[in-house]
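Structure below is entry.cif: mmCIF, C-alpha atoms.
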data_target
#
loop_
_atom_site.label_atom_id
_atom_site.label_comp_id
_atom_site.auth_asym_id
_atom_site.auth_seq_id
_atom_site.Cartn_x
_atom_site.Cartn_y
_atom_site.Cartn_z
CA VAL Y 1 9.86 27.76 87.20
CA TYR Y 2 10.74 24.90 89.53
CA GLY Y 3 12.01 21.45 88.58
CA SER Y 4 10.31 18.22 89.64
CA ASN Y 5 13.39 16.05 90.39
CA LEU Y 6 13.07 16.14 94.19
CA GLN Y 7 15.74 15.07 96.70
CA GLU Y 8 15.45 15.08 100.48
CA THR Y 9 17.97 17.08 102.54
CA ASP Y 10 19.21 16.24 106.05
CA GLY Y 11 16.52 18.44 107.60
CA GLY Y 12 13.72 16.62 105.78
CA LYS Y 13 13.12 19.38 103.25
CA LEU Y 14 12.78 18.40 99.59
CA LYS Y 15 14.92 20.26 97.09
CA ALA Y 16 15.01 20.31 93.29
CA GLY Y 17 16.82 21.99 90.45
CA ALA Y 18 15.37 25.38 89.52
CA ALA Y 19 15.58 28.06 86.86
CA THR Y 20 14.23 31.62 87.17
CA ARG Y 21 12.66 33.22 84.10
CA VAL Y 22 11.61 36.85 83.76
CA ALA Y 23 8.26 36.36 82.07
CA GLU Y 24 4.53 36.60 82.54
CA VAL Y 25 2.82 33.85 84.51
CA THR Y 26 0.45 32.39 81.93
CA PRO Y 27 -2.49 29.96 82.10
CA VAL Y 28 -0.27 27.47 80.24
CA LEU Y 29 2.31 27.52 83.06
CA TRP Y 30 -0.45 27.03 85.63
CA GLU Y 31 -1.87 24.11 83.61
CA MET Y 32 1.58 22.47 83.51
CA HIS Y 33 1.90 22.97 87.27
CA ILE Y 34 -1.54 21.57 88.13
CA THR Y 35 -1.08 18.55 85.86
CA GLY Y 36 2.36 17.77 87.35
CA LYS Y 37 4.41 18.45 84.22
CA GLN Y 38 6.42 21.42 85.50
CA ALA Y 39 6.24 22.87 89.01
CA LEU Y 40 5.80 26.62 89.30
CA GLY Y 41 7.29 29.14 91.69
CA ILE Y 42 6.37 32.84 91.63
CA ILE Y 43 8.30 35.89 92.86
CA PRO Y 44 5.94 37.97 95.03
CA ILE Y 45 7.73 41.31 94.56
CA ASP Y 46 7.64 43.06 91.18
CA GLU Y 47 9.86 45.68 89.54
CA ARG Y 48 7.97 48.45 91.38
CA SER Y 49 8.67 46.86 94.79
CA MET Y 50 4.97 46.03 95.08
CA VAL Y 51 3.30 42.76 96.07
CA LYS Y 52 -0.16 41.24 95.81
CA PHE Y 53 0.60 38.26 98.04
CA ALA Y 54 3.08 37.32 100.76
CA ALA Y 55 3.88 34.19 102.75
CA ILE Y 56 5.45 32.80 105.91
CA ASP Y 57 7.53 29.70 105.09
CA VAL Y 58 7.30 27.24 108.01
CA ASP Y 59 9.97 24.54 107.73
CA THR Y 60 8.97 22.35 110.67
CA TYR Y 61 8.90 18.57 110.26
CA PRO Y 62 6.72 16.82 111.12
CA MET Y 63 4.12 19.59 111.02
CA ASP Y 64 0.78 19.53 112.83
CA HIS Y 65 -1.16 21.67 110.38
CA VAL Y 66 -4.40 21.53 112.35
CA LYS Y 67 -2.82 22.94 115.52
CA LEU Y 68 -1.14 25.69 113.50
CA ILE Y 69 -4.45 26.62 111.88
CA GLU Y 70 -6.13 26.67 115.31
CA ARG Y 71 -3.58 29.27 116.43
CA ILE Y 72 -4.11 31.32 113.27
CA GLU Y 73 -7.87 31.30 113.69
CA ALA Y 74 -7.69 32.10 117.42
CA MET Y 75 -5.78 35.28 116.53
CA ASN Y 76 -8.10 36.11 113.60
CA LEU Y 77 -5.17 36.34 111.20
CA PRO Y 78 -6.16 36.49 107.48
CA LEU Y 79 -3.82 33.70 106.41
CA VAL Y 80 -4.39 30.71 104.13
CA THR Y 81 -2.42 27.58 105.09
CA CYS Y 82 -1.00 25.32 102.39
CA ARG Y 83 0.99 22.11 102.81
CA THR Y 84 4.42 22.29 101.16
CA LYS Y 85 6.13 19.57 99.15
CA SER Y 86 8.21 18.66 102.23
CA GLY Y 87 5.25 18.55 104.60
CA GLY Y 88 5.80 22.02 106.10
CA ALA Y 89 3.49 24.99 105.58
CA HIS Y 90 3.21 28.18 103.57
CA LEU Y 91 0.96 30.74 105.25
CA TYR Y 92 -0.32 33.05 102.50
CA LEU Y 93 -1.60 36.60 102.79
CA LEU Y 94 -3.70 37.43 99.71
CA LEU Y 95 -4.37 41.06 98.76
CA THR Y 96 -6.98 42.66 96.55
CA GLU Y 97 -4.50 45.26 95.29
CA PHE Y 98 -0.78 45.75 94.86
CA CYS Y 99 0.80 47.13 98.05
CA ASP Y 100 4.23 48.37 99.09
CA ALA Y 101 6.43 45.34 99.76
CA ALA Y 102 8.12 46.89 102.81
CA ILE Y 103 4.77 47.49 104.53
CA ILE Y 104 3.50 43.98 103.82
CA GLN Y 105 6.81 42.40 104.85
CA LYS Y 106 6.64 44.20 108.21
CA ARG Y 107 3.06 43.00 108.80
CA MET Y 108 4.02 39.42 107.96
CA ARG Y 109 6.85 39.57 110.50
CA GLU Y 110 4.31 40.72 113.09
CA PHE Y 111 2.06 37.77 112.22
CA ALA Y 112 5.01 35.34 112.37
CA SER Y 113 6.10 36.68 115.76
CA ALA Y 114 2.57 36.39 117.16
CA LEU Y 115 2.47 32.74 116.01
CA ALA Y 116 5.91 32.06 117.58
CA LEU Y 117 7.33 31.59 114.06
CA GLY Y 118 9.79 34.46 114.22
CA ASN Y 119 12.66 32.41 112.79
CA CYS Y 120 10.71 31.51 109.64
CA GLU Y 121 11.44 33.03 106.24
CA ILE Y 122 9.13 35.75 104.97
CA PHE Y 123 8.23 36.18 101.30
CA PRO Y 124 8.92 38.64 99.79
CA LYS Y 125 12.44 38.35 101.15
CA GLN Y 126 13.28 41.73 99.65
CA SER Y 127 11.53 45.00 100.49
CA ARG Y 128 13.00 46.95 97.55
CA ILE Y 129 13.87 45.99 93.98
CA ILE Y 130 16.09 48.07 91.69
CA SER Y 131 15.18 46.74 88.26
CA ALA Y 132 17.78 48.96 86.53
CA ARG Y 133 20.57 46.83 87.97
CA GLY Y 134 18.77 43.58 87.24
CA ASP Y 135 17.42 42.83 90.71
CA LEU Y 136 15.10 39.85 91.02
CA GLY Y 137 13.22 38.71 94.10
CA GLN Y 138 13.16 35.12 95.32
CA TRP Y 139 10.32 32.86 94.33
CA ILE Y 140 8.13 30.58 96.40
CA ASN Y 141 6.58 27.28 95.27
CA MET Y 142 2.92 27.37 94.40
CA PRO Y 143 0.41 24.88 95.88
CA TYR Y 144 -1.50 22.20 93.98
CA PHE Y 145 1.36 20.78 91.92
CA ASP Y 146 -0.01 17.62 90.28
CA ALA Y 147 -3.41 18.46 91.78
CA ARG Y 148 -5.14 15.65 89.89
CA GLY Y 149 -2.56 13.11 91.04
CA THR Y 150 -0.97 12.94 94.51
CA ASN Y 151 -2.25 16.41 95.49
CA ASP Y 152 0.01 16.56 98.59
CA ARG Y 153 0.61 20.32 98.18
CA HIS Y 154 -2.92 21.34 99.04
CA ALA Y 155 -4.56 24.06 101.13
CA PHE Y 156 -6.64 23.73 104.29
CA ASN Y 157 -9.77 25.56 105.34
CA HIS Y 158 -10.21 27.29 108.71
CA ARG Y 159 -10.99 23.95 110.37
CA GLY Y 160 -7.86 22.24 109.04
CA GLN Y 161 -9.73 20.23 106.40
CA LYS Y 162 -8.10 19.52 103.05
CA LEU Y 163 -9.40 21.60 100.14
CA GLU Y 164 -9.65 20.52 96.53
CA ILE Y 165 -8.37 23.10 94.08
CA GLN Y 166 -11.76 24.71 93.31
CA GLU Y 167 -12.58 24.83 97.02
CA PHE Y 168 -9.21 26.47 97.63
CA ILE Y 169 -9.91 29.19 95.05
CA GLU Y 170 -13.25 29.97 96.71
CA PHE Y 171 -11.76 29.95 100.23
CA ALA Y 172 -8.75 32.06 99.23
CA SER Y 173 -10.97 34.59 97.46
CA LYS Y 174 -12.95 35.13 100.66
CA ARG Y 175 -9.70 35.72 102.59
CA GLN Y 176 -8.41 38.42 100.25
CA LEU Y 177 -8.30 41.83 101.83
CA SER Y 178 -7.29 45.40 100.98
CA GLU Y 179 -4.31 47.26 102.40
CA LYS Y 180 -6.73 49.41 104.40
CA ALA Y 181 -8.38 46.34 105.95
CA LEU Y 182 -4.97 44.81 106.67
CA ALA Y 183 -3.88 47.95 108.53
CA LYS Y 184 -6.87 47.62 110.88
CA ILE Y 185 -5.87 44.15 112.08
CA VAL Y 186 -4.51 44.26 115.63
CA VAL Y 187 -2.07 41.48 116.43
CA LYS Y 188 -2.34 40.42 120.05
CA THR Y 189 0.92 38.73 120.99
CA PRO Y 190 0.74 36.72 124.23
CA GLU Y 191 3.52 37.37 126.76
CA PRO Y 192 5.62 34.20 127.23
CA LEU Y 193 6.91 35.68 130.50
CA LEU Y 194 4.24 37.37 132.60
CA GLY Y 195 5.52 40.86 133.38
CA GLY Y 196 8.93 40.06 131.92
CA PRO Y 197 11.19 42.61 130.20
CA PRO Y 198 10.34 43.41 126.54
CA CYS Y 199 13.74 42.21 125.30
CA LEU Y 200 13.19 38.70 126.67
CA GLN Y 201 9.58 38.64 125.45
CA HIS Y 202 10.85 39.45 121.95
CA LEU Y 203 13.61 36.83 122.03
CA LEU Y 204 11.27 34.10 123.24
CA SER Y 205 8.80 34.80 120.44
CA MET Y 206 11.45 35.25 117.72
CA GLY Y 207 14.02 32.70 118.90
CA PHE Y 208 17.49 33.16 120.38
CA PRO Y 209 20.06 33.94 117.63
CA GLU Y 210 23.21 31.84 117.32
CA GLY Y 211 25.78 32.78 119.94
CA THR Y 212 23.30 34.14 122.50
CA ARG Y 213 22.50 30.90 124.36
CA ASN Y 214 24.54 31.57 127.52
CA ASN Y 215 23.45 35.19 127.96
CA GLY Y 216 19.85 34.21 127.17
CA LEU Y 217 19.83 31.45 129.79
CA MET Y 218 21.43 33.74 132.36
CA ASN Y 219 18.76 36.40 131.81
CA LEU Y 220 15.99 33.81 132.00
CA GLY Y 221 17.49 32.62 135.28
CA ILE Y 222 17.50 36.19 136.62
CA TYR Y 223 13.85 36.58 135.62
CA ALA Y 224 12.92 33.29 137.34
#
In structure tokens, what does this structure look like?
Amino acid sequence: VYGSNLQETDGGKLKAGAATRVAEVTPVLWEMHITGKQALGIIPIDERSMVKFAAIDVDTYPMDHVKLIERIEAMNLPLVTCRTKSGGAHLYLLLTEFCDAAIIQKRMREFASALALGNCEIFPKQSRIISARGDLGQWINMPYFDARGTNDRHAFNHRGQKLEIQEFIEFASKRQLSEKALAKIVVKTPEPLLGGPPCLQHLLSMGFPEGTRNNGLMNLGIYA
């Protein structure tokens, strides 16, 4: 469960106090979330290391949601885009059944890389949970907090148009897919460097890690 006392950080992201409870997500909690009384975050991974949804957390400010959605649709990726409280985006994968978290996490990393979002966080952050030692996954904020008020945490359709909550439910339901259908999706990642070495292709799509700037630039120079 997520607090509603928001403060902006240096990077433009809004933060708030939070408390994690091990409990069922009830209609009452959803009602409090939608009416703006208490924001709700949900842990995707359960005690069996299974998930029924996953997300890519895009912390880019300001965010051009329409352009991002155009890229998603051009690649035929089964993602639902929601605006976050800070103005970024959560790209949700919605499943019709519980699936192995490790498999879904790997697929989400493939999607993120194809969208040039390789540095973004993936939910679930964990691929395995050992409940006997008290493991808990990390939660992600749900959309449509205070849906009848400001409604700035809303979803978009495939054209980048804002969806009201009932429209979102209908749109999201149509985007749900089974693990079998997910496995059939082929991710076509464009090559940033035509004919370039795989290692540089990977780094350009994922981002150069801290400490690799000089070697990265040297190798790009060699390629050029």
Residue by residue, what does the PyMOL selection byres ((chain Y and resi 155) around 12) grab here? Present the result as a PyMOL selection string. chain Y and resi 65-66+69+79-85+87-92+142-145+147+151-154+156-172
Could you please give me, as a CSV table (one decimal) with C-alpha atoms, keeping the file's coordinate frame, the residues of protein, DNA or RNA lying at most 8 Å from (8.2, 34.0, 89.6) in the coordinate frame of the file, considering all atoms listed in the file?
chain,number,residue,atom,x,y,z
Y,1,VAL,CA,9.9,27.8,87.2
Y,20,THR,CA,14.2,31.6,87.2
Y,21,ARG,CA,12.7,33.2,84.1
Y,22,VAL,CA,11.6,36.8,83.8
Y,23,ALA,CA,8.3,36.4,82.1
Y,25,VAL,CA,2.8,33.8,84.5
Y,40,LEU,CA,5.8,26.6,89.3
Y,41,GLY,CA,7.3,29.1,91.7
Y,42,ILE,CA,6.4,32.8,91.6
Y,43,ILE,CA,8.3,35.9,92.9
Y,44,PRO,CA,5.9,38.0,95.0
Y,138,GLN,CA,13.2,35.1,95.3
Y,139,TRP,CA,10.3,32.9,94.3
Y,140,ILE,CA,8.1,30.6,96.4
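Each of Y:Leu94, Y:Val187, Y:Leu182, Y:Val51 was checked against Ile72 (chain Y) using all atoms listed in the file; the smallest atom-to-atom distance is that of Y:Val187.
Candidate residues Y:Leu204, Y:Ala101, Y:Ile185, Y:Leu95 were compared for distance to Ile122 (chain Y), and the nearest is Y:Ala101, using only C-alpha atoms.
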For CA of Cys199 (chain Y) and CA of Asn219 (chain Y), quote the distance in Å rounded to one decimal. 10.1 Å
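Considering the residues Y:Lys188, Y:Arg107, Y:Arg48, Y:Pro124 and counting all atoms listed in the file, Ala74 (chain Y) has its shortest atom-to-atom contact with Y:Lys188.
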Which residues would end up in the selection if the PyMOL selection byres ((chain Y and resi 127) around 9) were applied here, given that I need the answer as a ChimeraX atom specification? /Y:45,49-50,100-105,124-126,128-129
C-alpha atoms of the current selection, written as a PDB file, in the frame of the given file:
ATOM      1  CA  ILE Y  45       7.730  41.310  94.560  1.00  0.00           C
ATOM      2  CA  SER Y  49       8.670  46.860  94.790  1.00  0.00           C
ATOM      3  CA  MET Y  50       4.970  46.030  95.080  1.00  0.00           C
ATOM      4  CA  ASP Y 100       4.230  48.370  99.090  1.00  0.00           C
ATOM      5  CA  ALA Y 101       6.430  45.340  99.760  1.00  0.00           C
ATOM      6  CA  ALA Y 102       8.120  46.890 102.810  1.00  0.00           C
ATOM      7  CA  ILE Y 103       4.770  47.490 104.530  1.00  0.00           C
ATOM      8  CA  ILE Y 104       3.500  43.980 103.820  1.00  0.00           C
ATOM      9  CA  GLN Y 105       6.810  42.400 104.850  1.00  0.00           C
ATOM     10  CA  PRO Y 124       8.920  38.640  99.790  1.00  0.00           C
ATOM     11  CA  LYS Y 125      12.440  38.350 101.150  1.00  0.00           C
ATOM     12  CA  GLN Y 126      13.280  41.730  99.650  1.00  0.00           C
ATOM     13  CA  ARG Y 128      13.000  46.950  97.550  1.00  0.00           C
ATOM     14  CA  ILE Y 129      13.870  45.990  93.980  1.00  0.00           C
TER      15      ILE Y 129
END
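Of the listed residues (Y:Tyr223, Y:Trp30, Y:Ser178, Y:Glu24), Y:Trp30 comes nearest to Asn141 (chain Y); the distances count all atoms listed in the file.
Comparing Y:Ala55, Y:Ala19, Y:Leu136, Y:Leu193 by their smallest distance to Phe111 (chain Y), the closest is Y:Ala55 (using only C-alpha atoms).
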Arg148 (chain Y) proximity check over Y:Glu70, Y:Glu110, Y:Glu31, Y:Asp46, using all atoms listed in the file: winner is Y:Glu31
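Here CA of Cys99 (chain Y) stands at a distance of 22.4 Å from CA of Gly118 (chain Y).
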Kindly provide, as a PDB file with C-alpha atoms, in the coordinates of the input, the polymer residues lying within 12 Å of (16.2, 37.8, 135.1), counting all atoms listed in the file and using the coordinates exactly as they appear in the file.
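Result file is part-v3.pdb:
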ATOM      1  CA  LEU Y 193       6.910  35.680 130.500  1.00  0.00           C
ATOM      2  CA  GLY Y 195       5.520  40.860 133.380  1.00  0.00           C
ATOM      3  CA  GLY Y 196       8.930  40.060 131.920  1.00  0.00           C
ATOM      4  CA  PRO Y 197      11.190  42.610 130.200  1.00  0.00           C
ATOM      5  CA  PRO Y 198      10.340  43.410 126.540  1.00  0.00           C
ATOM      6  CA  CYS Y 199      13.740  42.210 125.300  1.00  0.00           C
ATOM      7  CA  LEU Y 200      13.190  38.700 126.670  1.00  0.00           C
ATOM      8  CA  GLN Y 201       9.580  38.640 125.450  1.00  0.00           C
ATOM      9  CA  ASN Y 215      23.450  35.190 127.960  1.00  0.00           C
ATOM     10  CA  GLY Y 216      19.850  34.210 127.170  1.00  0.00           C
ATOM     11  CA  LEU Y 217      19.830  31.450 129.790  1.00  0.00           C
ATOM     12  CA  MET Y 218      21.430  33.740 132.360  1.00  0.00           C
ATOM     13  CA  ASN Y 219      18.760  36.400 131.810  1.00  0.00           C
ATOM     14  CA  LEU Y 220      15.990  33.810 132.000  1.00  0.00           C
ATOM     15  CA  GLY Y 221      17.490  32.620 135.280  1.00  0.00           C
ATOM     16  CA  ILE Y 222      17.500  36.190 136.620  1.00  0.00           C
ATOM     17  CA  TYR Y 223      13.850  36.580 135.620  1.00  0.00           C
ATOM     18  CA  ALA Y 224      12.920  33.290 137.340  1.00  0.00           C
TER      19      ALA Y 224
END
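What separates CA of Phe123 (chain Y) from CA of Leu68 (chain Y) is a distance of 18.6 Å.
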Take region 150-161 of chain Y, bring it up to all heavy atoms, and give me the output as a PDB file, in the frame of the given file.
ATOM      1  N   THR Y 150      -1.210  13.127  93.073  1.00  0.00           N
ATOM      2  CA  THR Y 150      -0.970  12.940  94.510  1.00  0.00           C
ATOM      3  C   THR Y 150      -1.630  14.047  95.330  1.00  0.00           C
ATOM      4  O   THR Y 150      -2.115  13.806  96.429  1.00  0.00           O
ATOM      5  CB  THR Y 150       0.534  12.933  94.795  1.00  0.00           C
ATOM      6  OG1 THR Y 150       1.112  14.168  94.330  1.00  0.00           O
ATOM      7  CG2 THR Y 150       1.210  11.774  94.092  1.00  0.00           C
ATOM      8  N   ASN Y 151      -1.616  15.267  94.826  1.00  0.00           N
ATOM      9  CA  ASN Y 151      -2.250  16.410  95.490  1.00  0.00           C
ATOM     10  C   ASN Y 151      -1.811  16.516  96.957  1.00  0.00           C
ATOM     11  O   ASN Y 151      -2.623  16.669  97.862  1.00  0.00           O
ATOM     12  CB  ASN Y 151      -3.773  16.311  95.406  1.00  0.00           C
ATOM     13  CG  ASN Y 151      -4.454  17.613  95.854  1.00  0.00           C
ATOM     14  OD1 ASN Y 151      -3.813  18.646  95.973  1.00  0.00           O
ATOM     15  ND2 ASN Y 151      -5.748  17.551  96.105  1.00  0.00           N
ATOM     16  N   ASP Y 152      -0.480  16.425  97.218  1.00  0.00           N
ATOM     17  CA  ASP Y 152       0.010  16.560  98.590  1.00  0.00           C
ATOM     18  C   ASP Y 152       0.405  17.992  98.913  1.00  0.00           C
ATOM     19  O   ASP Y 152       0.791  18.297 100.043  1.00  0.00           O
ATOM     20  CB  ASP Y 152       1.191  15.610  98.836  1.00  0.00           C
ATOM     21  CG  ASP Y 152       2.366  15.876  97.901  1.00  0.00           C
ATOM     22  OD1 ASP Y 152       2.228  16.714  96.986  1.00  0.00           O
ATOM     23  OD2 ASP Y 152       3.420  15.240  98.092  1.00  0.00           O
ATOM     24  N   ARG Y 153       0.315  18.904  97.922  1.00  0.00           N
ATOM     25  CA  ARG Y 153       0.610  20.320  98.180  1.00  0.00           C
ATOM     26  C   ARG Y 153      -0.699  21.099  98.144  1.00  0.00           C
ATOM     27  O   ARG Y 153      -0.908  21.963  97.309  1.00  0.00           O
ATOM     28  CB  ARG Y 153       1.578  20.867  97.124  1.00  0.00           C
ATOM     29  CG  ARG Y 153       2.898  20.121  97.046  1.00  0.00           C
ATOM     30  CD  ARG Y 153       3.861  20.889  96.156  1.00  0.00           C
ATOM     31  NE  ARG Y 153       4.800  19.997  95.517  1.00  0.00           N
ATOM     32  CZ  ARG Y 153       5.710  20.400  94.627  1.00  0.00           C
ATOM     33  NH1 ARG Y 153       5.754  21.672  94.286  1.00  0.00           N
ATOM     34  NH2 ARG Y 153       6.529  19.536  94.084  1.00  0.00           N
ATOM     35  N   HIS Y 154      -1.577  20.778  99.059  1.00  0.00           N
ATOM     36  CA  HIS Y 154      -2.920  21.340  99.040  1.00  0.00           C
ATOM     37  C   HIS Y 154      -3.096  22.376 100.148  1.00  0.00           C
ATOM     38  O   HIS Y 154      -2.255  22.526 101.043  1.00  0.00           O
ATOM     39  CB  HIS Y 154      -3.948  20.230  99.222  1.00  0.00           C
ATOM     40  CG  HIS Y 154      -3.719  19.412 100.473  1.00  0.00           C
ATOM     41  ND1 HIS Y 154      -4.093  19.853 101.718  1.00  0.00           N
ATOM     42  CD2 HIS Y 154      -3.126  18.206 100.658  1.00  0.00           C
ATOM     43  CE1 HIS Y 154      -3.757  18.956 102.630  1.00  0.00           C
ATOM     44  NE2 HIS Y 154      -3.175  17.939 102.017  1.00  0.00           N
ATOM     45  N   ALA Y 155      -4.204  23.085 100.105  1.00  0.00           N
ATOM     46  CA  ALA Y 155      -4.560  24.060 101.130  1.00  0.00           C
ATOM     47  C   ALA Y 155      -5.525  23.430 102.126  1.00  0.00           C
ATOM     48  O   ALA Y 155      -6.101  22.363 101.887  1.00  0.00           O
ATOM     49  CB  ALA Y 155      -5.183  25.293 100.497  1.00  0.00           C
ATOM     50  N   PHE Y 156      -5.681  24.134 103.265  1.00  0.00           N
ATOM     51  CA  PHE Y 156      -6.640  23.730 104.290  1.00  0.00           C
ATOM     52  C   PHE Y 156      -7.634  24.867 104.509  1.00  0.00           C
ATOM     53  O   PHE Y 156      -7.303  26.042 104.316  1.00  0.00           O
ATOM     54  CB  PHE Y 156      -5.928  23.462 105.625  1.00  0.00           C
ATOM     55  CG  PHE Y 156      -4.864  22.404 105.579  1.00  0.00           C
ATOM     56  CD1 PHE Y 156      -3.556  22.726 105.264  1.00  0.00           C
ATOM     57  CD2 PHE Y 156      -5.178  21.084 105.869  1.00  0.00           C
ATOM     58  CE1 PHE Y 156      -2.568  21.756 105.232  1.00  0.00           C
ATOM     59  CE2 PHE Y 156      -4.197  20.099 105.843  1.00  0.00           C
ATOM     60  CZ  PHE Y 156      -2.881  20.436 105.527  1.00  0.00           C
ATOM     61  N   ASN Y 157      -8.822  24.520 104.962  1.00  0.00           N
ATOM     62  CA  ASN Y 157      -9.770  25.560 105.340  1.00  0.00           C
ATOM     63  C   ASN Y 157      -9.528  25.969 106.796  1.00  0.00           C
ATOM     64  O   ASN Y 157      -8.568  25.523 107.435  1.00  0.00           O
ATOM     65  CB  ASN Y 157     -11.221  25.126 105.101  1.00  0.00           C
ATOM     66  CG  ASN Y 157     -11.642  23.975 106.005  1.00  0.00           C
ATOM     67  OD1 ASN Y 157     -10.959  23.603 106.963  1.00  0.00           O
ATOM     68  ND2 ASN Y 157     -12.780  23.384 105.707  1.00  0.00           N
ATOM     69  N   HIS Y 158     -10.408  26.776 107.355  1.00  0.00           N
ATOM     70  CA  HIS Y 158     -10.210  27.290 108.710  1.00  0.00           C
ATOM     71  C   HIS Y 158     -10.371  26.231 109.781  1.00  0.00           C
ATOM     72  O   HIS Y 158     -10.024  26.467 110.943  1.00  0.00           O
ATOM     73  CB  HIS Y 158     -11.198  28.444 108.973  1.00  0.00           C
ATOM     74  CG  HIS Y 158     -12.637  28.039 108.869  1.00  0.00           C
ATOM     75  ND1 HIS Y 158     -13.220  27.720 107.659  1.00  0.00           N
ATOM     76  CD2 HIS Y 158     -13.598  27.899 109.812  1.00  0.00           C
ATOM     77  CE1 HIS Y 158     -14.493  27.387 107.881  1.00  0.00           C
ATOM     78  NE2 HIS Y 158     -14.742  27.495 109.170  1.00  0.00           N
ATOM     79  N   ARG Y 159     -10.860  25.055 109.414  1.00  0.00           N
ATOM     80  CA  ARG Y 159     -10.990  23.950 110.370  1.00  0.00           C
ATOM     81  C   ARG Y 159      -9.859  22.917 110.200  1.00  0.00           C
ATOM     82  O   ARG Y 159      -9.852  21.895 110.884  1.00  0.00           O
ATOM     83  CB  ARG Y 159     -12.333  23.245 110.201  1.00  0.00           C
ATOM     84  CG  ARG Y 159     -13.540  24.116 110.539  1.00  0.00           C
ATOM     85  CD  ARG Y 159     -14.804  23.284 110.553  1.00  0.00           C
ATOM     86  NE  ARG Y 159     -15.977  24.093 110.836  1.00  0.00           N
ATOM     87  CZ  ARG Y 159     -16.745  24.653 109.933  1.00  0.00           C
ATOM     88  NH1 ARG Y 159     -16.456  24.482 108.642  1.00  0.00           N
ATOM     89  NH2 ARG Y 159     -17.796  25.384 110.272  1.00  0.00           N
ATOM     90  N   GLY Y 160      -8.948  23.175 109.272  1.00  0.00           N
ATOM     91  CA  GLY Y 160      -7.860  22.240 109.040  1.00  0.00           C
ATOM     92  C   GLY Y 160      -8.211  21.114 108.103  1.00  0.00           C
ATOM     93  O   GLY Y 160      -7.500  20.106 108.029  1.00  0.00           O
ATOM     94  N   GLN Y 161      -9.302  21.262 107.347  1.00  0.00           N
ATOM     95  CA  GLN Y 161      -9.730  20.230 106.400  1.00  0.00           C
ATOM     96  C   GLN Y 161      -9.115  20.491 105.023  1.00  0.00           C
ATOM     97  O   GLN Y 161      -9.035  21.636 104.582  1.00  0.00           O
ATOM     98  CB  GLN Y 161     -11.256  20.221 106.298  1.00  0.00           C
ATOM     99  CG  GLN Y 161     -11.948  19.885 107.610  1.00  0.00           C
ATOM    100  CD  GLN Y 161     -13.433  20.208 107.591  1.00  0.00           C
ATOM    101  OE1 GLN Y 161     -13.855  21.189 106.981  1.00  0.00           O
ATOM    102  NE2 GLN Y 161     -14.236  19.395 108.270  1.00  0.00           N
TER     103      GLN Y 161
END
